[in-house]
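For reference, work.cif is printed below; it contains mmCIF, C-alpha atoms and all ligand atoms.
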```cif
data_upload
#
loop_
_atom_site.label_atom_id
_atom_site.label_comp_id
_atom_site.auth_asym_id
_atom_site.auth_seq_id
_atom_site.Cartn_x
_atom_site.Cartn_y
_atom_site.Cartn_z
CA MET A 1 18.34 32.17 -12.32
CA HIS A 2 21.54 30.50 -11.16
CA TYR A 3 22.05 26.86 -12.16
CA LYS A 4 24.59 24.22 -11.12
CA LEU A 5 25.24 21.49 -13.67
CA LYS A 6 26.92 18.15 -13.17
CA ILE A 7 27.88 16.71 -16.53
CA PHE A 8 29.16 13.21 -17.32
CA ARG A 9 32.58 13.34 -18.96
CA PHE A 10 34.48 10.48 -20.55
CA HIS A 11 37.13 10.49 -23.23
CA PRO A 12 37.94 6.77 -23.60
CA GLU A 13 41.28 7.43 -25.32
CA GLN A 14 42.50 9.62 -22.45
CA ASP A 15 40.53 8.74 -19.30
CA ALA A 16 40.83 5.56 -17.26
CA ARG A 17 37.23 6.00 -16.13
CA PRO A 18 34.34 8.45 -16.46
CA HIS A 19 33.89 11.37 -14.08
CA TYR A 20 31.49 14.27 -13.54
CA GLN A 21 32.44 17.88 -14.17
CA HIS A 22 30.69 20.74 -12.41
CA PHE A 23 29.65 23.97 -14.10
CA GLU A 24 27.69 27.01 -12.91
CA LEU A 25 25.92 29.64 -14.98
CA ASP A 26 23.04 32.09 -15.05
CA ALA A 27 20.26 31.30 -17.49
CA ASP A 28 16.63 32.18 -18.07
CA PRO A 29 14.29 29.36 -16.95
CA THR A 30 12.66 29.49 -20.38
CA GLU A 31 15.93 28.43 -22.02
CA ARG A 32 16.31 24.86 -23.14
CA VAL A 33 18.88 22.42 -21.78
CA LEU A 34 20.48 22.42 -25.24
CA ASP A 35 20.99 26.22 -25.00
CA VAL A 36 22.80 25.76 -21.70
CA LEU A 37 25.03 23.01 -23.12
CA GLU A 38 25.88 25.29 -26.05
CA GLN A 39 26.67 28.10 -23.61
CA ILE A 40 28.99 25.87 -21.59
CA ARG A 41 30.74 24.61 -24.72
CA GLY A 42 31.08 28.14 -26.10
CA GLU A 43 32.17 29.91 -22.91
CA GLN A 44 33.54 27.42 -20.38
CA ASP A 45 34.79 24.20 -21.99
CA GLY A 46 35.05 23.75 -25.74
CA THR A 47 35.89 20.05 -25.34
CA LEU A 48 32.39 19.08 -24.13
CA ALA A 49 30.95 16.64 -26.67
CA PHE A 50 27.25 16.16 -27.45
CA ARG A 51 25.18 15.62 -30.58
CA ARG A 52 22.65 18.09 -31.91
CA SER A 53 21.36 19.13 -35.27
CA CYS A 54 17.89 20.64 -35.76
CA ALA A 55 17.40 22.07 -32.22
CA HIS A 56 13.64 21.73 -32.76
CA GLY A 57 12.74 18.18 -31.77
CA VAL A 58 12.82 16.82 -35.31
CA CYS A 59 16.16 15.10 -35.99
CA GLY A 60 16.31 12.97 -32.83
CA SER A 61 20.04 13.45 -32.29
CA ASP A 62 20.18 14.94 -28.76
CA ALA A 63 18.52 12.35 -26.52
CA MET A 64 20.24 12.36 -23.14
CA ARG A 65 19.55 11.58 -19.50
CA ILE A 66 18.62 14.74 -17.64
CA ASN A 67 18.07 14.42 -13.89
CA GLY A 68 17.65 10.68 -14.37
CA ARG A 69 15.12 10.75 -17.21
CA ASN A 70 15.52 10.55 -20.97
CA TYR A 71 14.68 13.75 -22.86
CA LEU A 72 15.64 15.55 -26.04
CA ALA A 73 17.84 18.40 -24.74
CA CYS A 74 16.32 20.74 -27.33
CA LYS A 75 12.76 20.12 -26.10
CA VAL A 76 13.12 20.41 -22.34
CA LEU A 77 13.08 23.87 -20.74
CA LEU A 78 15.06 24.53 -17.58
CA ARG A 79 11.87 25.43 -15.74
CA ASP A 80 10.33 22.05 -16.68
CA LEU A 81 12.96 20.38 -14.51
CA ASN A 82 11.93 22.26 -11.33
CA ALA A 83 15.51 22.16 -10.08
CA ALA A 84 18.49 24.48 -9.82
CA GLU A 85 20.86 21.51 -9.90
CA ILE A 86 20.88 19.51 -13.11
CA THR A 87 22.70 16.27 -13.85
CA ILE A 88 23.26 15.40 -17.50
CA GLU A 89 24.41 11.95 -18.60
CA PRO A 90 24.46 9.90 -21.80
CA ILE A 91 21.52 7.59 -22.52
CA LEU A 92 22.02 4.13 -21.00
CA GLY A 93 22.76 0.78 -22.61
CA LEU A 94 24.93 2.01 -25.51
CA ARG A 95 28.73 2.45 -25.48
CA VAL A 96 29.93 5.97 -24.71
CA VAL A 97 32.00 7.38 -27.57
CA LYS A 98 32.75 10.66 -25.76
CA ASP A 99 30.92 12.54 -22.97
CA LEU A 100 27.22 12.60 -23.96
CA ILE A 101 27.73 10.89 -27.34
CA VAL A 102 26.93 7.18 -27.55
CA ASP A 103 27.47 4.64 -30.31
CA MET A 104 24.07 4.43 -32.05
CA GLU A 105 25.08 1.57 -34.40
CA PRO A 106 23.58 -1.28 -32.29
CA PHE A 107 20.35 0.74 -32.05
CA PHE A 108 20.20 1.18 -35.83
CA ASP A 109 21.08 -2.50 -36.36
CA HIS A 110 17.98 -3.45 -34.35
CA TYR A 111 15.94 -0.95 -36.37
CA LYS A 112 17.17 -2.40 -39.68
CA SER A 113 16.50 -5.97 -38.51
CA VAL A 114 12.70 -5.47 -38.62
CA LEU A 115 12.65 -4.49 -42.34
CA PRO A 116 11.47 -0.90 -41.77
CA TYR A 117 10.43 -0.14 -45.34
CA LEU A 118 7.47 -0.83 -47.63
CA ILE A 119 7.47 -4.34 -49.09
CA ASN A 120 5.16 -4.81 -52.05
CA ASP A 121 6.16 -6.83 -55.11
CA ASP A 122 2.97 -6.12 -57.08
CA PRO A 123 3.43 -3.95 -60.16
CA LEU A 124 2.49 -0.30 -59.64
CA PRO A 125 -1.01 0.71 -60.86
CA ALA A 126 -1.05 0.94 -64.69
CA ASP A 127 -2.29 4.57 -64.62
CA GLY A 128 1.03 5.56 -63.04
CA ARG A 129 -0.57 6.69 -59.80
CA GLU A 130 0.72 5.78 -56.36
CA ARG A 131 -0.70 2.88 -54.35
CA LEU A 132 -3.89 4.33 -52.90
CA GLN A 133 -5.12 3.92 -49.36
CA SER A 134 -8.28 5.04 -47.55
CA PRO A 135 -8.02 7.66 -44.77
CA GLU A 136 -9.11 4.92 -42.31
CA ASP A 137 -6.32 2.60 -43.46
CA ARG A 138 -3.80 5.46 -43.16
CA GLU A 139 -5.05 6.29 -39.68
CA ARG A 140 -4.39 2.72 -38.49
CA PHE A 141 -0.63 3.28 -38.27
CA ASP A 142 -0.53 7.07 -37.97
CA ASP A 143 0.86 7.11 -34.42
CA THR A 144 3.90 4.98 -35.23
CA THR A 145 4.84 7.12 -38.26
CA LYS A 146 5.88 9.87 -35.82
CA CYS A 147 9.10 8.17 -34.67
CA ILE A 148 12.28 10.22 -35.12
CA LEU A 149 14.65 7.39 -34.06
CA CYS A 150 16.01 9.27 -31.07
CA ALA A 151 16.47 6.07 -28.97
CA ALA A 152 14.99 7.67 -25.84
CA CYS A 153 12.59 4.71 -25.55
CA THR A 154 14.97 1.80 -26.10
CA THR A 155 17.61 3.25 -23.76
CA SER A 156 15.07 3.71 -20.95
CA CYS A 157 13.87 0.09 -21.16
CA PRO A 158 14.98 -2.25 -18.32
CA SER A 159 14.79 -5.25 -20.68
CA PHE A 160 17.25 -3.52 -23.04
CA TRP A 161 19.57 -2.63 -20.14
CA ALA A 162 19.49 -6.31 -19.12
CA ASN A 163 20.22 -7.55 -22.62
CA GLY A 164 21.33 -5.28 -25.46
CA GLU A 165 20.35 -7.98 -27.96
CA TYR A 166 16.66 -7.22 -27.27
CA VAL A 167 15.39 -5.54 -30.42
CA GLY A 168 13.85 -2.77 -28.28
CA PRO A 169 10.74 -0.59 -28.43
CA ALA A 170 11.93 1.76 -31.20
CA ALA A 171 12.43 -1.15 -33.61
CA ILE A 172 9.00 -2.56 -32.72
CA VAL A 173 7.38 0.85 -33.28
CA ASN A 174 8.95 0.99 -36.75
CA ALA A 175 7.89 -2.58 -37.51
CA HIS A 176 4.34 -1.67 -36.41
CA ARG A 177 4.35 1.28 -38.81
CA PHE A 178 4.65 -1.14 -41.78
CA ILE A 179 2.87 -4.21 -40.36
CA TYR A 180 -0.37 -2.19 -40.19
CA ASP A 181 0.08 -0.43 -43.53
CA SER A 182 -2.58 -1.83 -45.91
CA ARG A 183 -0.19 -1.37 -48.89
CA ASP A 184 2.53 -3.53 -47.37
CA GLN A 185 3.05 -7.28 -47.87
CA GLY A 186 5.85 -7.93 -45.38
CA ALA A 187 3.85 -8.26 -42.14
CA GLU A 188 4.26 -12.02 -41.89
CA LYS A 189 8.04 -11.82 -42.19
CA ARG A 190 8.29 -8.99 -39.64
CA LEU A 191 6.06 -10.84 -37.16
CA GLU A 192 8.29 -13.90 -37.56
CA ILE A 193 11.36 -11.76 -36.74
CA LEU A 194 9.64 -10.20 -33.73
CA ASN A 195 8.51 -13.61 -32.47
CA GLU A 196 12.14 -14.67 -32.06
CA GLN A 197 13.92 -14.87 -28.72
CA MET A 198 15.09 -11.24 -28.74
CA GLY A 199 11.81 -9.91 -30.11
CA VAL A 200 8.61 -8.57 -28.56
CA TRP A 201 8.35 -11.17 -25.80
CA ARG A 202 11.33 -9.54 -24.03
CA CYS A 203 9.00 -6.60 -23.36
CA ARG A 204 7.74 -6.80 -19.77
CA THR A 205 5.32 -3.88 -20.17
CA ALA A 206 7.43 -1.55 -18.03
CA PHE A 207 6.03 1.58 -19.81
CA ASN A 208 9.35 3.51 -19.42
CA CYS A 209 9.50 3.73 -23.21
CA THR A 210 6.09 5.40 -23.49
CA GLU A 211 6.99 7.90 -20.76
CA ALA A 212 10.29 8.76 -22.46
CA CYS A 213 9.04 9.26 -26.02
CA PRO A 214 9.32 12.93 -27.03
CA ARG A 215 6.78 12.29 -29.81
CA GLU A 216 4.22 10.89 -27.35
CA ILE A 217 3.85 7.71 -29.36
CA LYS A 218 1.77 5.07 -27.55
CA ILE A 219 4.67 2.65 -27.67
CA THR A 220 3.49 0.08 -25.13
CA GLN A 221 0.14 -0.09 -26.94
CA ALA A 222 1.89 -0.62 -30.30
CA ILE A 223 3.97 -3.41 -28.75
CA ALA A 224 0.80 -5.01 -27.34
CA GLU A 225 -0.79 -4.89 -30.80
CA VAL A 226 2.21 -6.63 -32.33
CA LYS A 227 2.17 -9.28 -29.58
CA ARG A 228 -1.55 -9.84 -30.20
CA ALA A 229 -0.99 -10.15 -33.97
CA ILE A 230 1.66 -12.82 -33.37
CA HIS A 231 -0.55 -14.62 -30.88
CA THR A 232 -3.77 -14.62 -32.94
CA GLY A 233 -2.16 -14.69 -36.39
CA LYS A 234 -4.48 -11.81 -37.33
CA LEU A 235 -4.02 -8.06 -37.89
CA GLU A 236 -6.88 -6.17 -36.27
FE1 LIG A 301 12.29 8.26 -30.03
FE2 LIG A 301 9.68 7.78 -29.60
FE3 LIG A 301 10.88 6.85 -31.80
FE4 LIG A 301 11.44 5.80 -29.46
S1 LIG A 301 9.46 5.73 -30.50
S2 LIG A 301 12.93 6.33 -31.02
S3 LIG A 301 11.34 7.57 -28.11
S4 LIG A 301 10.57 8.99 -31.24
FE1 LIG A 302 10.64 -1.93 -22.20
FE2 LIG A 302 8.67 -0.41 -22.98
FE3 LIG A 302 8.32 -2.98 -22.80
S1 LIG A 302 10.11 0.03 -21.37
S2 LIG A 302 9.66 -3.58 -21.13
S3 LIG A 302 9.69 -1.98 -24.20
S4 LIG A 302 6.84 -1.42 -22.33
FE1 LIG A 303 17.23 17.66 -33.33
FE2 LIG A 303 17.00 17.91 -30.68
S1 LIG A 303 18.61 18.64 -31.97
S2 LIG A 303 15.82 16.71 -32.02
#
```
Please, can you express the file's structure as structure tokens?
Amino acid sequence: MHYKLKIFRFHPEQDARPHYQHFELDADPTERVLDVLEQIRGEQDGTLAFRRSCAHGVCGSDAMRINGRNYLACKVLLRDLNAAEITIEPILGLRVVKDLIVDMEPFFDHYKSVLPYLINDDPLPADGRERLQSPEDRERFDDTTKCILCAACTTSCPSFWANGEYVGPAAIVNAHRFIYDSRDQGAEKRLEILNEQMGVWRCRTAFNCTEACPREIKITQAIAEVKRAIHTGKLE
């Protein structure tokens, strides 16, 4: 099938402003958008810049806006888009470094701000075994362990577009992962952080984040659980 692509281009050191470049190619509808980008870079314009690593939906490096919606380019097939004309742009709300590459540092700063690691000052069990947990306790936070930090959620959130200081859904998902871990002792501190001005209350339940997540994490539900925990002072 014949496809027409309109791709966002911007090289801040050379261009006064961004522009779109048009490409055309033949591709099988079962190919992924990432394959097409590789084909363009290999055969038509070697200067096109985008991030990719695993090509299998695991590393989270190729989130981009495809026909107005955030996707991982390696997970979306051309036929899924139901269109012969495809517009590809960088994810919104983060500074463009070049073409489809954005500066992820502010995103990772928000992630780090919620203490996304196990906090437990108790000595390890004397028998040298790991800290044990029941299957039910493990299940409680299973959904939020699936995050691959691709930023598709945070950069589709209107509250984040309005104010980049908002910690954003990805950070809240990763806080949730530890807040509800029965082995962790840092929930109180994380809830304090998320109760601040740029924390969970900036979420207006827009659901864009949940729709954008390539891991199908129930993000809005996780945010609601964190809000409830702050409100009631209890972890359910
Ligand atoms: Fe990506 Fe989903 Fe994690 Fe957000 S919650 S960073 S969309 S994997
Ligand atoms: Fe934004 Fe998701 Fe809340 S899109 S407003 S974080 S439900
Ligand atoms: Fe790794 Fe797409 S390249 S998730």
What is the atom CA of A:Val33 to atom S3 of ligand LIG 302 (chain A) distance in Å?
->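 Distance between the two atoms: 26.2 Å.
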Residues at most 10 Å from ligand LIG 302 (chain A), using all atoms listed in the file? Could they come as JSON, numbers by chain?
-> {"A": [153, 154, 155, 156, 157, 158, 159, 160, 161, 166, 167, 168, 169, 170, 171, 172, 173, 200, 201, 202, 203, 204, 205, 206, 207, 208, 209, 210, 211, 212, 218, 219, 220, 221, 222, 223, 224]}
Could you give me, as a VMD selection string, every polymer residue with an atom at most 10 Å away from an atom of ligand LIG 303 (chain A), counting all atoms listed in the file?
-> chain A and resid 34 51 to 64 71 to 76 148 to 150 214
Do a neighbour search on A:Asn174 at 8 Å with all atoms listed in the file, toss out local chain neighbours closer than 2 positions, and write the hits as a ChimeraX atom specification.
-> /A:111,114,116,144-145,147,170-172,176-178
Report, as lines of an AutoDock Vina configuration file, the centre and edge lengths in Å (one decimal) of the axis-aligned box enclosing every listed atom of stretch 87-98 of chain A, padded by 3 Å on each side.
```
center_x = 27.1
center_y = 8.5
center_z = -20.7
size_x = 17.2
size_y = 21.5
size_z = 19.7
```
Using all atoms listed in the file, determine which residues lie at most 12 Å from A:Thr47, disregarding the query and same-chain residues fewer than 5 positions distant; provide the list as a PyMOL selection string.
-> chain A and resi 9-11+21+37-38+40-42+98-100
Given the choices A:Ala151, A:Tyr180, A:Gln185, A:Ile193, which gets closest to A:Glu225 if the distance is worked out from only C-alpha atoms?
-> A:Tyr180
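Between atom FE1 of ligand LIG 301 (chain A) and atom CA of A:Ile88 there is a distance of 18.1 Å.
Interatomic distance, atom S3 of ligand LIG 301 (chain A) to atom CA of A:Gln133: 27.1 Å.
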A:Arg79 environment, 10 Å, only C-alpha atoms, sequence neighbours closer than 6 positions dropped, as a short mmCIF file (atom, residue, chain, number, x, y, z; two decimals) with C-alpha atoms, in the frame of the given file:
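The new file result-v7.cif reads:
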```
data_model
loop_
_atom_site.label_atom_id
_atom_site.label_comp_id
_atom_site.auth_asym_id
_atom_site.auth_seq_id
_atom_site.Cartn_x
_atom_site.Cartn_y
_atom_site.Cartn_z
CA MET A 1 18.34 32.17 -12.32
CA ASP A 28 16.63 32.18 -18.07
CA PRO A 29 14.29 29.36 -16.95
CA THR A 30 12.66 29.49 -20.38
CA GLU A 31 15.93 28.43 -22.02
CA ARG A 32 16.31 24.86 -23.14
CA VAL A 33 18.88 22.42 -21.78
#
```
Could you check which of A:Met104, A:Leu191, A:Leu115, A:Val226 is closest to ligand LIG 301 (chain A), using all atoms listed in the file?
->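 The shortest atom-to-atom distance to ligand LIG 301 (chain A) comes from A:Met104.
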Some atoms are absent from stretch 50-61 of chain A, so rebuild all heavy atoms and return them as a PDB file, keeping the file's coordinate frame.
```pdb
ATOM      1  N   PHE A  50      28.641  16.623 -27.398  1.00  0.00           N
ATOM      2  CA  PHE A  50      27.250  16.160 -27.450  1.00  0.00           C
ATOM      3  C   PHE A  50      26.770  16.301 -28.884  1.00  0.00           C
ATOM      4  O   PHE A  50      27.326  17.088 -29.656  1.00  0.00           O
ATOM      5  CB  PHE A  50      26.353  16.947 -26.475  1.00  0.00           C
ATOM      6  CG  PHE A  50      26.391  18.442 -26.651  1.00  0.00           C
ATOM      7  CD1 PHE A  50      25.500  19.096 -27.493  1.00  0.00           C
ATOM      8  CD2 PHE A  50      27.336  19.206 -25.971  1.00  0.00           C
ATOM      9  CE1 PHE A  50      25.542  20.479 -27.646  1.00  0.00           C
ATOM     10  CE2 PHE A  50      27.391  20.587 -26.125  1.00  0.00           C
ATOM     11  CZ  PHE A  50      26.485  21.227 -26.968  1.00  0.00           C
ATOM     12  N   ARG A  51      25.725  15.514 -29.227  1.00  0.00           N
ATOM     13  CA  ARG A  51      25.180  15.620 -30.580  1.00  0.00           C
ATOM     14  C   ARG A  51      23.999  16.571 -30.603  1.00  0.00           C
ATOM     15  O   ARG A  51      23.209  16.593 -29.664  1.00  0.00           O
ATOM     16  CB  ARG A  51      24.642  14.256 -31.055  1.00  0.00           C
ATOM     17  CG  ARG A  51      25.678  13.294 -31.523  1.00  0.00           C
ATOM     18  CD  ARG A  51      25.022  12.195 -32.365  1.00  0.00           C
ATOM     19  NE  ARG A  51      25.994  11.171 -32.672  1.00  0.00           N
ATOM     20  CZ  ARG A  51      26.112  10.018 -32.011  1.00  0.00           C
ATOM     21  NH1 ARG A  51      25.287   9.735 -31.026  1.00  0.00           N
ATOM     22  NH2 ARG A  51      27.040   9.156 -32.351  1.00  0.00           N
ATOM     23  N   ARG A  52      23.837  17.287 -31.667  1.00  0.00           N
ATOM     24  CA  ARG A  52      22.650  18.090 -31.910  1.00  0.00           C
ATOM     25  C   ARG A  52      22.624  18.431 -33.397  1.00  0.00           C
ATOM     26  O   ARG A  52      23.648  18.444 -34.075  1.00  0.00           O
ATOM     27  CB  ARG A  52      22.635  19.383 -31.088  1.00  0.00           C
ATOM     28  CG  ARG A  52      23.856  20.233 -31.278  1.00  0.00           C
ATOM     29  CD  ARG A  52      23.751  21.608 -31.896  1.00  0.00           C
ATOM     30  NE  ARG A  52      22.607  22.010 -32.598  1.00  0.00           N
ATOM     31  CZ  ARG A  52      22.089  23.228 -32.509  1.00  0.00           C
ATOM     32  NH1 ARG A  52      22.593  24.098 -31.663  1.00  0.00           N
ATOM     33  NH2 ARG A  52      21.103  23.586 -33.283  1.00  0.00           N
ATOM     34  N   SER A  53      21.430  18.689 -33.891  1.00  0.00           N
ATOM     35  CA  SER A  53      21.360  19.130 -35.270  1.00  0.00           C
ATOM     36  C   SER A  53      20.254  20.165 -35.408  1.00  0.00           C
ATOM     37  O   SER A  53      20.495  21.356 -35.427  1.00  0.00           O
ATOM     38  CB  SER A  53      21.158  17.946 -36.214  1.00  0.00           C
ATOM     39  OG  SER A  53      21.146  18.378 -37.532  1.00  0.00           O
ATOM     40  N   CYS A  54      18.991  19.713 -35.431  1.00  0.00           N
ATOM     41  CA  CYS A  54      17.890  20.640 -35.760  1.00  0.00           C
ATOM     42  C   CYS A  54      17.584  21.637 -34.653  1.00  0.00           C
ATOM     43  O   CYS A  54      17.148  22.745 -34.929  1.00  0.00           O
ATOM     44  CB  CYS A  54      16.633  19.837 -36.072  1.00  0.00           C
ATOM     45  SG  CYS A  54      15.935  19.022 -34.618  1.00  0.00           S
ATOM     46  N   ALA A  55      17.765  21.252 -33.388  1.00  0.00           N
ATOM     47  CA  ALA A  55      17.400  22.070 -32.220  1.00  0.00           C
ATOM     48  C   ALA A  55      15.901  22.308 -32.105  1.00  0.00           C
ATOM     49  O   ALA A  55      15.464  23.181 -31.363  1.00  0.00           O
ATOM     50  CB  ALA A  55      18.157  23.398 -32.196  1.00  0.00           C
ATOM     51  N   HIS A  56      15.099  21.548 -32.807  1.00  0.00           N
ATOM     52  CA  HIS A  56      13.640  21.730 -32.760  1.00  0.00           C
ATOM     53  C   HIS A  56      12.867  20.423 -32.628  1.00  0.00           C
ATOM     54  O   HIS A  56      11.754  20.309 -33.135  1.00  0.00           O
ATOM     55  CB  HIS A  56      13.168  22.500 -34.003  1.00  0.00           C
ATOM     56  CG  HIS A  56      13.519  23.955 -33.944  1.00  0.00           C
ATOM     57  ND1 HIS A  56      14.697  24.458 -34.450  1.00  0.00           N
ATOM     58  CD2 HIS A  56      12.881  25.001 -33.389  1.00  0.00           C
ATOM     59  CE1 HIS A  56      14.749  25.752 -34.219  1.00  0.00           C
ATOM     60  NE2 HIS A  56      13.655  26.111 -33.576  1.00  0.00           N
ATOM     61  N   GLY A  57      13.478  19.413 -32.035  1.00  0.00           N
ATOM     62  CA  GLY A  57      12.740  18.180 -31.770  1.00  0.00           C
ATOM     63  C   GLY A  57      12.389  17.382 -33.002  1.00  0.00           C
ATOM     64  O   GLY A  57      11.421  16.612 -32.983  1.00  0.00           O
ATOM     65  N   VAL A  58      13.157  17.505 -34.062  1.00  0.00           N
ATOM     66  CA  VAL A  58      12.820  16.820 -35.310  1.00  0.00           C
ATOM     67  C   VAL A  58      13.852  15.751 -35.690  1.00  0.00           C
ATOM     68  O   VAL A  58      13.485  14.676 -36.158  1.00  0.00           O
ATOM     69  CB  VAL A  58      12.695  17.849 -36.472  1.00  0.00           C
ATOM     70  CG1 VAL A  58      12.384  17.140 -37.775  1.00  0.00           C
ATOM     71  CG2 VAL A  58      11.620  18.865 -36.150  1.00  0.00           C
ATOM     72  N   CYS A  59      15.130  16.026 -35.469  1.00  0.00           N
ATOM     73  CA  CYS A  59      16.160  15.100 -35.990  1.00  0.00           C
ATOM     74  C   CYS A  59      16.436  13.921 -35.052  1.00  0.00           C
ATOM     75  O   CYS A  59      16.935  12.892 -35.483  1.00  0.00           O
ATOM     76  CB  CYS A  59      17.458  15.846 -36.259  1.00  0.00           C
ATOM     77  SG  CYS A  59      18.335  16.343 -34.760  1.00  0.00           S
ATOM     78  N   GLY A  60      16.122  14.066 -33.769  1.00  0.00           N
ATOM     79  CA  GLY A  60      16.310  12.970 -32.830  1.00  0.00           C
ATOM     80  C   GLY A  60      17.750  12.744 -32.388  1.00  0.00           C
ATOM     81  O   GLY A  60      18.063  11.689 -31.852  1.00  0.00           O
ATOM     82  N   SER A  61      18.629  13.727 -32.576  1.00  0.00           N
ATOM     83  CA  SER A  61      20.040  13.450 -32.290  1.00  0.00           C
ATOM     84  C   SER A  61      20.482  13.790 -30.862  1.00  0.00           C
ATOM     85  O   SER A  61      21.576  13.414 -30.473  1.00  0.00           O
ATOM     86  CB  SER A  61      20.940  14.172 -33.294  1.00  0.00           C
ATOM     87  OG  SER A  61      20.744  15.557 -33.213  1.00  0.00           O
TER      88      SER A  61
END
```
